[in-house]
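As stored in coords-v4.csv (CSV, C-alpha atoms):
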```csv
chain,number,residue,atom,x,y,z
A,1,VAL,CA,0.0,0.0,0.0
A,2,THR,CA,1.5,3.4,-1.0
A,3,ARG,CA,0.3,6.9,-0.3
A,4,ASP,CA,-0.5,9.1,-3.3
A,5,GLU,CA,1.9,12.0,-3.1
A,6,GLY,CA,-0.2,14.2,-5.4
A,7,VAL,CA,-3.6,15.8,-5.1
A,8,THR,CA,-5.8,12.7,-5.6
A,9,TRP,CA,-6.5,11.8,-2.0
A,10,ASP,CA,-9.4,9.6,-1.4
A,11,ALA,CA,-11.6,9.6,1.7
A,12,LYS,CA,-10.5,6.1,2.6
A,13,GLU,CA,-6.8,6.6,2.1
A,14,VAL,CA,-5.4,7.0,5.6
A,15,MET,CA,-1.9,5.6,5.7
A,16,ARG,CA,1.3,4.9,3.8
A,17,SER,CA,3.1,1.6,4.3
A,18,ASP,CA,6.5,0.6,2.9
A,19,PRO,CA,9.3,-1.7,4.2
A,20,GLN,CA,10.9,1.2,6.2
A,21,THR,CA,7.9,2.9,7.8
A,22,THR,CA,4.3,2.5,8.7
A,23,GLU,CA,2.5,5.9,8.8
A,24,THR,CA,-1.2,6.4,9.7
A,25,PHE,CA,-3.2,9.5,8.9
A,26,VAL,CA,-6.5,10.5,10.3
A,27,TRP,CA,-9.1,13.3,9.7
A,28,GLY,CA,-12.8,14.2,10.1
A,29,ASP,CA,-14.9,14.3,13.3
A,30,GLY,CA,-12.7,14.6,16.4
A,31,GLY,CA,-15.5,14.0,18.8
A,32,MET,CA,-14.8,11.7,21.8
A,33,GLY,CA,-11.1,11.8,20.9
A,34,VAL,CA,-11.6,9.2,18.2
A,35,LEU,CA,-8.8,10.7,16.0
A,36,GLY,CA,-6.2,9.9,18.7
A,37,LEU,CA,-4.4,13.3,18.3
A,38,ASN,CA,-4.5,14.3,22.0
A,39,GLU,CA,-6.4,17.5,21.2
A,40,ASP,CA,-9.6,19.1,22.4
A,41,GLN,CA,-12.4,16.6,21.6
A,42,ALA,CA,-14.3,19.3,19.8
A,43,ILE,CA,-11.6,19.9,17.2
A,44,ASP,CA,-12.2,18.3,13.8
A,45,LYS,CA,-9.7,17.8,11.0
A,46,SER,CA,-10.4,18.7,7.4
A,47,SER,CA,-7.2,17.4,6.0
A,48,PRO,CA,-5.0,14.3,6.7
A,49,THR,CA,-3.0,14.6,10.0
A,50,GLN,CA,-0.4,12.0,10.9
A,51,LEU,CA,-1.0,9.8,14.0
A,52,SER,CA,2.4,9.0,15.5
A,53,GLY,CA,3.4,5.4,16.0
A,54,ASP,CA,4.1,2.3,14.0
A,55,TRP,CA,0.7,0.8,13.6
A,56,ASN,CA,-0.2,-2.7,12.4
A,57,VAL,CA,-1.7,-1.8,9.0
A,58,SER,CA,-3.2,-5.2,8.4
A,59,ALA,CA,-5.4,-4.8,11.5
A,60,LEU,CA,-6.4,-1.1,10.9
A,61,PHE,CA,-9.6,-1.6,8.9
A,62,GLN,CA,-11.1,-4.0,11.4
A,63,SER,CA,-10.1,-2.2,14.5
A,64,MET,CA,-12.5,0.7,14.5
A,65,ALA,CA,-16.0,0.8,16.0
A,66,SER,CA,-18.3,3.8,16.5
A,67,ASP,CA,-16.2,6.5,18.3
A,68,GLY,CA,-13.6,4.0,19.5
A,69,VAL,CA,-10.4,2.3,18.3
A,70,VAL,CA,-8.5,-0.8,19.4
A,71,ILE,CA,-5.4,-1.5,17.3
A,72,PRO,CA,-2.0,-3.2,17.7
A,73,LYS,CA,1.4,-1.7,16.9
A,74,THR,CA,4.0,-3.5,14.8
A,75,ASN,CA,5.8,-4.5,18.1
A,76,GLY,CA,2.8,-6.5,19.2
A,77,THR,CA,1.4,-4.1,21.9
A,78,LEU,CA,-2.3,-3.2,21.9
A,79,TRP,CA,-3.6,0.3,22.1
A,80,THR,CA,-6.9,2.1,22.4
A,81,TRP,CA,-8.5,5.6,22.3
A,82,GLY,CA,-11.9,7.2,21.9
A,83,ARG,CA,-15.0,6.7,24.0
A,84,ASN,CA,-15.4,3.8,26.5
A,85,GLN,CA,-18.9,2.2,26.8
A,86,LYS,CA,-19.5,-1.2,28.4
A,87,GLY,CA,-15.7,-1.7,28.8
A,88,PHE,CA,-14.9,-1.4,25.1
A,89,MET,CA,-11.4,0.1,25.7
A,90,GLY,CA,-10.3,-2.8,27.8
A,91,LEU,CA,-8.8,-0.5,30.4
A,92,ASN,CA,-11.1,-1.5,33.3
A,93,GLN,CA,-12.6,2.0,33.3
A,94,PRO,CA,-16.3,3.2,33.7
A,95,ASN,CA,-18.8,4.2,31.0
A,96,ASN,CA,-18.2,7.5,29.2
A,97,TYR,CA,-14.5,7.4,30.0
A,98,THR,CA,-12.6,9.0,27.1
A,99,ARG,CA,-9.0,9.0,25.9
A,100,SER,CA,-8.0,11.4,23.1
A,101,SER,CA,-4.6,9.8,22.6
A,102,PRO,CA,-3.5,6.2,22.2
A,103,THR,CA,-3.3,4.3,25.5
A,104,GLN,CA,-1.8,0.9,25.9
A,105,ILE,CA,-3.9,-2.1,27.0
A,106,GLY,CA,-1.9,-4.1,29.5
A,107,THR,CA,1.8,-4.8,28.8
A,108,ASP,CA,1.7,-7.9,26.6
A,109,SER,CA,3.5,-7.7,23.2
A,110,ASP,CA,2.1,-10.7,21.4
A,111,TRP,CA,-1.1,-9.1,20.0
A,112,GLY,CA,-1.8,-8.7,16.3
A,113,LYS,CA,-2.7,-11.9,14.6
A,114,SER,CA,-6.3,-10.7,14.3
A,115,VAL,CA,-8.3,-7.8,15.8
A,116,PHE,CA,-11.9,-7.1,15.2
A,117,SER,CA,-14.1,-4.3,16.7
A,118,SER,CA,-17.7,-3.5,16.0
A,119,GLY,CA,-20.8,-1.9,17.4
A,120,ASN,CA,-22.4,1.5,17.8
A,121,THR,CA,-21.8,4.0,20.6
A,122,SER,CA,-23.1,2.0,23.6
A,123,GLN,CA,-22.7,-1.5,22.2
A,124,LYS,CA,-19.1,-1.8,21.2
A,125,SER,CA,-17.1,-5.1,21.6
A,126,CYS,CA,-13.6,-6.1,20.7
A,127,PHE,CA,-12.0,-9.4,19.9
A,128,ALA,CA,-8.3,-10.0,19.5
A,129,ILE,CA,-6.2,-13.1,18.7
A,130,LYS,CA,-2.6,-13.3,20.0
A,131,THR,CA,0.2,-14.8,18.0
A,132,SER,CA,0.0,-17.8,20.3
A,133,GLY,CA,-3.6,-18.5,19.0
A,134,GLU,CA,-5.3,-17.3,22.1
A,135,LEU,CA,-8.6,-15.5,21.6
A,136,TRP,CA,-9.6,-12.6,23.9
A,137,SER,CA,-12.7,-10.5,24.0
A,138,TRP,CA,-14.2,-7.6,26.0
A,139,GLY,CA,-16.9,-4.9,25.9
A,140,TYR,CA,-20.6,-5.3,25.2
A,141,ASN,CA,-21.9,-8.8,25.8
A,142,ARG,CA,-25.6,-9.0,24.9
A,143,ASP,CA,-26.7,-12.6,24.2
A,144,GLY,CA,-23.2,-13.9,25.1
A,145,ARG,CA,-21.6,-12.2,22.1
A,146,LEU,CA,-18.2,-12.3,23.8
A,147,GLY,CA,-18.2,-16.1,24.2
A,148,HIS,CA,-17.6,-16.5,27.9
A,149,ASN,CA,-20.8,-18.5,28.8
A,150,ASP,CA,-22.4,-15.4,30.4
A,151,THR,CA,-23.9,-12.1,29.4
A,152,GLN,CA,-21.8,-9.8,31.7
A,153,HIS,CA,-20.0,-6.9,30.0
A,154,LYS,CA,-16.2,-7.1,30.3
A,155,SER,CA,-14.0,-4.1,30.9
A,156,SER,CA,-10.7,-5.8,30.4
A,157,PRO,CA,-9.5,-8.5,28.0
A,158,THR,CA,-10.8,-12.0,28.9
A,159,GLN,CA,-9.6,-15.2,27.3
A,160,LEU,CA,-11.7,-17.8,25.7
A,161,PRO,CA,-10.6,-21.5,25.9
A,162,GLY,CA,-8.2,-22.7,23.3
A,163,THR,CA,-5.0,-21.8,21.6
A,164,THR,CA,-5.7,-22.5,17.9
A,165,TRP,CA,-7.9,-19.6,17.0
A,166,ASP,CA,-7.1,-18.1,13.6
A,167,ALA,CA,-9.6,-15.3,12.7
A,168,VAL,CA,-12.7,-13.7,14.2
A,169,CYS,CA,-15.6,-11.5,13.0
A,170,SER,CA,-18.6,-10.1,15.0
A,171,TYR,CA,-21.7,-8.1,14.3
A,172,CYS,CA,-23.9,-6.0,16.5
A,173,ALA,CA,-27.3,-4.5,15.5
A,174,GLY,CA,-28.8,-3.4,18.9
A,175,SER,CA,-31.2,-6.0,20.3
A,176,THR,CA,-31.8,-7.9,17.1
A,177,SER,CA,-28.4,-9.5,16.3
A,178,THR,CA,-25.3,-9.6,18.4
A,179,ARG,CA,-23.2,-12.5,17.3
A,180,THR,CA,-19.7,-13.7,16.6
A,181,ALA,CA,-18.0,-16.3,14.4
A,182,ALA,CA,-14.4,-17.5,14.4
A,183,SER,CA,-12.2,-20.0,12.6
A,184,LYS,CA,-9.5,-22.3,14.0
A,185,THR,CA,-6.2,-23.4,12.4
A,186,ASP,CA,-7.6,-26.9,12.1
A,187,GLY,CA,-10.2,-25.7,9.6
A,188,THR,CA,-13.2,-25.8,11.9
A,189,MET,CA,-15.9,-23.1,12.2
A,190,TRP,CA,-17.3,-21.8,15.5
A,191,VAL,CA,-20.3,-19.5,16.2
A,192,TRP,CA,-22.0,-17.9,19.3
A,193,GLY,CA,-24.3,-15.1,20.4
A,194,SER,CA,-27.8,-14.4,19.1
A,195,ASN,CA,-29.5,-16.7,16.7
A,196,ASN,CA,-33.0,-15.4,16.3
A,197,ILE,CA,-33.4,-16.4,12.6
A,198,GLY,CA,-30.9,-19.3,12.4
A,199,GLN,CA,-27.8,-17.2,11.6
A,200,HIS,CA,-25.6,-19.8,13.3
A,201,GLY,CA,-26.4,-22.5,10.7
A,202,GLN,CA,-27.2,-25.1,13.3
A,203,ASN,CA,-30.7,-25.8,12.1
A,204,ASN,CA,-32.2,-24.1,15.1
A,205,ARG,CA,-32.8,-20.7,16.6
A,206,THR,CA,-31.1,-21.2,19.9
A,207,LYS,CA,-28.7,-18.6,21.1
A,208,CYS,CA,-25.4,-19.6,22.8
A,209,SER,CA,-23.0,-17.7,25.0
A,210,SER,CA,-19.9,-19.8,24.3
A,211,PRO,CA,-18.4,-21.1,21.0
A,212,VAL,CA,-20.3,-24.0,19.3
A,213,GLN,CA,-18.8,-25.9,16.4
A,214,LEU,CA,-20.7,-25.8,13.1
A,215,GLY,CA,-20.8,-29.3,11.7
A,216,THR,CA,-17.7,-31.5,11.6
A,217,ASP,CA,-15.9,-30.2,8.5
A,218,THR,CA,-12.3,-29.2,8.7
A,219,THR,CA,-12.0,-27.4,5.4
A,220,TRP,CA,-13.2,-23.9,6.4
A,221,THR,CA,-10.8,-21.1,5.7
A,222,ASN,CA,-10.2,-17.9,7.7
A,223,LYS,CA,-12.0,-15.9,5.1
A,224,PHE,CA,-15.5,-15.1,6.2
A,225,TYR,CA,-17.8,-12.3,7.1
A,226,VAL,CA,-20.7,-11.9,9.6
A,227,GLN,CA,-23.7,-9.7,8.7
A,228,GLU,CA,-26.9,-9.0,10.6
A,229,HIS,CA,-29.0,-11.8,9.0
A,230,CYS,CA,-26.4,-14.1,7.4
A,231,THR,CA,-22.8,-15.3,7.3
A,232,HIS,CA,-20.6,-15.8,4.3
A,233,TRP,CA,-17.7,-18.4,4.7
A,234,ILE,CA,-15.3,-19.8,2.1
A,235,LYS,CA,-14.1,-23.4,2.1
A,236,ASN,CA,-10.9,-24.8,0.7
```

Translate this file's structure into structure tokens.
Amino acid sequence: VTRDEGVTWDAKEVMRSDPQTTETFVWGDGGMGVLGLNEDQAIDKSSPTQLSGDWNVSALFQSMASDGVVIPKTNGTLWTWGRNQKGFMGLNQPNNYTRSSPTQIGTDSDWGKSVFSSGNTSQKSCFAIKTSGELWSWGYNRDGRLGHNDTQHKSSPTQLPGTTWDAVCSYCAGSTSTRTAASKTDGTMWVWGSNNIGQHGQNNRTKCSSPVQLGTDTTWTNKFYVQEHCTHWIKN
């Protein structure tokens, strides 16, 4: 990915990445500190402004929820900023807590295999897979979306069982659909959360608050996407 050095910027072009450097640029609505520039939260940006740090570009596009960001750096540390609701920032802080500059989550340096955040202002959740294959989740937990066999919101990263997780995707649409799917390195598919119209593919409408394997096939890839009413998954 290279940055256009001319005058043809596109609204979605926010970083330059090359073998020597990883630069990230932000602009737009600065409310709730979501731009991460350590400025007054009322200040908006009408042109690209560099966000300091070496950010993991591969995780950037899946790391942003409404007015909140969770993203790893290239050194494997995990960072967050914006508005905290239901524990989304993973800092064990109360609702409406805000950070206008990147703040590290814990001290671990093995994050970055996969990060996925989603949800609106008050219903944000985050899922992150470490390089060891461990899956962690926190934030909003309606219908057991986080996968911990309960419905309690989590304000700090909490591990799910297993060390062979490969990729994760989640969707939240208020009270109608809050569910998650994940793949493992052995080619199996796992689902959990709400299931009001059979989105889990289990031939039922039973919601589950912990991961449930879909079928017995071991040829599912880590390329899939969860939407409100359906799931798309590619097999080998």

Item to check | Given all atoms listed in the file as the counted atoms, nearest of A:Arg179, A:Arg205, A:Arg83, A:Lys73 to Gly31 in chain A | outcome: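 Counting all atoms listed in the file, the residue closest to Gly31 in chain A is A:Arg83.
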
Checklist outcome for this item: The residue from A:Asn222, A:Gln152, A:Thr158, A:Gln199 with the smallest atom-to-atom distance to Lys184 in chain A, counting all atoms listed in the file, is A:Asn222

Could you give me, as CSV, a per-residue list for range 67-146 of chain A showing, wherever an atom lies at most 12 Å from an atom of range 224-234 of chain A, the closest pair of atoms and their distance in Å to one decimal, using only C-alpha atoms and sorting by chain then residue number from low to high?
```
residue,atom,partner,partner_atom,distance
A:Phe116,CA,A:Tyr225,CA,11.3
A:Ser118,CA,A:Val226,CA,11.0
A:Gly119,CA,A:Glu228,CA,11.6
```

Checklist entry - Nearest to Pro161 in chain A among A:Ile129, A:Val191, A:Leu135, A:Met64, with distances taken over all atoms listed in the file: which residue is it? => result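 Among the listed residues, the smallest separation from Pro161 in chain A belongs to A:Leu135.
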
Checklist entry - In Å, how far is it from CA of Ala59 in chain A to CA of Trp27 in chain A? => result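 Going from CA of Ala59 in chain A over to CA of Trp27 in chain A, I get 18.6 Å.
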
Next on the checklist: Given only C-alpha atoms as the basis, pick out the residue of A:Asn92, A:Ser122, A:Ser66, A:Asn56 nearest to Leu78 in chain A.
Outcome noted: A:Asn56

Checklist outcome for this item: Between CA of Phe127 in chain A and CA of Trp55 in chain A lies a distance of 17.5 Å

Item to check | Separation of CA of Ser209 in chain A from CA of Gly82 in chain A, in Å and rounded to one decimal | outcome: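 Distance between the two atoms: 27.4 Å.
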
Checklist entry - Within 8 Å of (-13.2, 14.8, 20.6), only C-alpha atoms: residues as a PyMOL selection string? => result chain A and resi 29-35+39-44+82+100

Item to check | range 144-148 of chain A surroundings by all atoms listed in the file, 7 Å radius, close-in-sequence under 6 positions cut, as a VMD selection string | outcome: chain A and resid 137 to 138 160 178 to 180 192 to 193 208 to 211

Item to check | Nearest to Thr103 in chain A by atom-to-atom distance, counting all atoms listed in the file, from A:Gly133, A:Ser117, A:Gly36, A:Val57 | outcome: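 The shortest atom-to-atom distance to Thr103 in chain A comes from A:Gly36.
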
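Taking all atoms listed in the file into account, Pro94 in chain A lies nearest to A:Ser156 out of the set A:Ser47, A:Thr188, A:Ser156, A:Asn120.
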
Item to check | Residue neighbourhood Thr121 in chain A, 10 Å, all atoms listed in the file, exclusion window fewer than 6 positions, as a count of residues only | outcome: 10

For the point (-12.5, -18.0, 9.0) in file coordinates, what residues are within 6 Å, counting all atoms listed in the file? Give the answer as a PDB file with C-alpha atoms, keeping the file's coordinate frame?
```pdb
ATOM      1  CA  ALA A 167      -9.600 -15.300  12.700  1.00  0.00           C
ATOM      2  CA  ALA A 182     -14.400 -17.500  14.400  1.00  0.00           C
ATOM      3  CA  SER A 183     -12.200 -20.000  12.600  1.00  0.00           C
ATOM      4  CA  THR A 221     -10.800 -21.100   5.700  1.00  0.00           C
ATOM      5  CA  ASN A 222     -10.200 -17.900   7.700  1.00  0.00           C
ATOM      6  CA  LYS A 223     -12.000 -15.900   5.100  1.00  0.00           C
ATOM      7  CA  PHE A 224     -15.500 -15.100   6.200  1.00  0.00           C
TER       8      PHE A 224
END
```

Spatial neighbours of Thr77 in chain A, 10 Å, all atoms listed in the file, chain gap at least 3 places, as an mmCIF file with C-alpha atoms, keeping the file's coordinate frame:
```
data_model
loop_
_atom_site.group_PDB
_atom_site.id
_atom_site.type_symbol
_atom_site.label_atom_id
_atom_site.label_comp_id
_atom_site.auth_asym_id
_atom_site.auth_seq_id
_atom_site.Cartn_x
_atom_site.Cartn_y
_atom_site.Cartn_z
ATOM 1 C CA TRP A 55 0.700 0.800 13.600
ATOM 2 C CA ASN A 56 -0.200 -2.700 12.400
ATOM 3 C CA ILE A 71 -5.400 -1.500 17.300
ATOM 4 C CA PRO A 72 -2.000 -3.200 17.700
ATOM 5 C CA LYS A 73 1.400 -1.700 16.900
ATOM 6 C CA THR A 74 4.000 -3.500 14.800
ATOM 7 C CA GLN A 104 -1.800 0.900 25.900
ATOM 8 C CA ILE A 105 -3.900 -2.100 27.000
ATOM 9 C CA GLY A 106 -1.900 -4.100 29.500
ATOM 10 C CA THR A 107 1.800 -4.800 28.800
ATOM 11 C CA ASP A 108 1.700 -7.900 26.600
ATOM 12 C CA SER A 109 3.500 -7.700 23.200
ATOM 13 C CA ASP A 110 2.100 -10.700 21.400
ATOM 14 C CA TRP A 111 -1.100 -9.100 20.000
ATOM 15 C CA GLY A 112 -1.800 -8.700 16.300
#
```
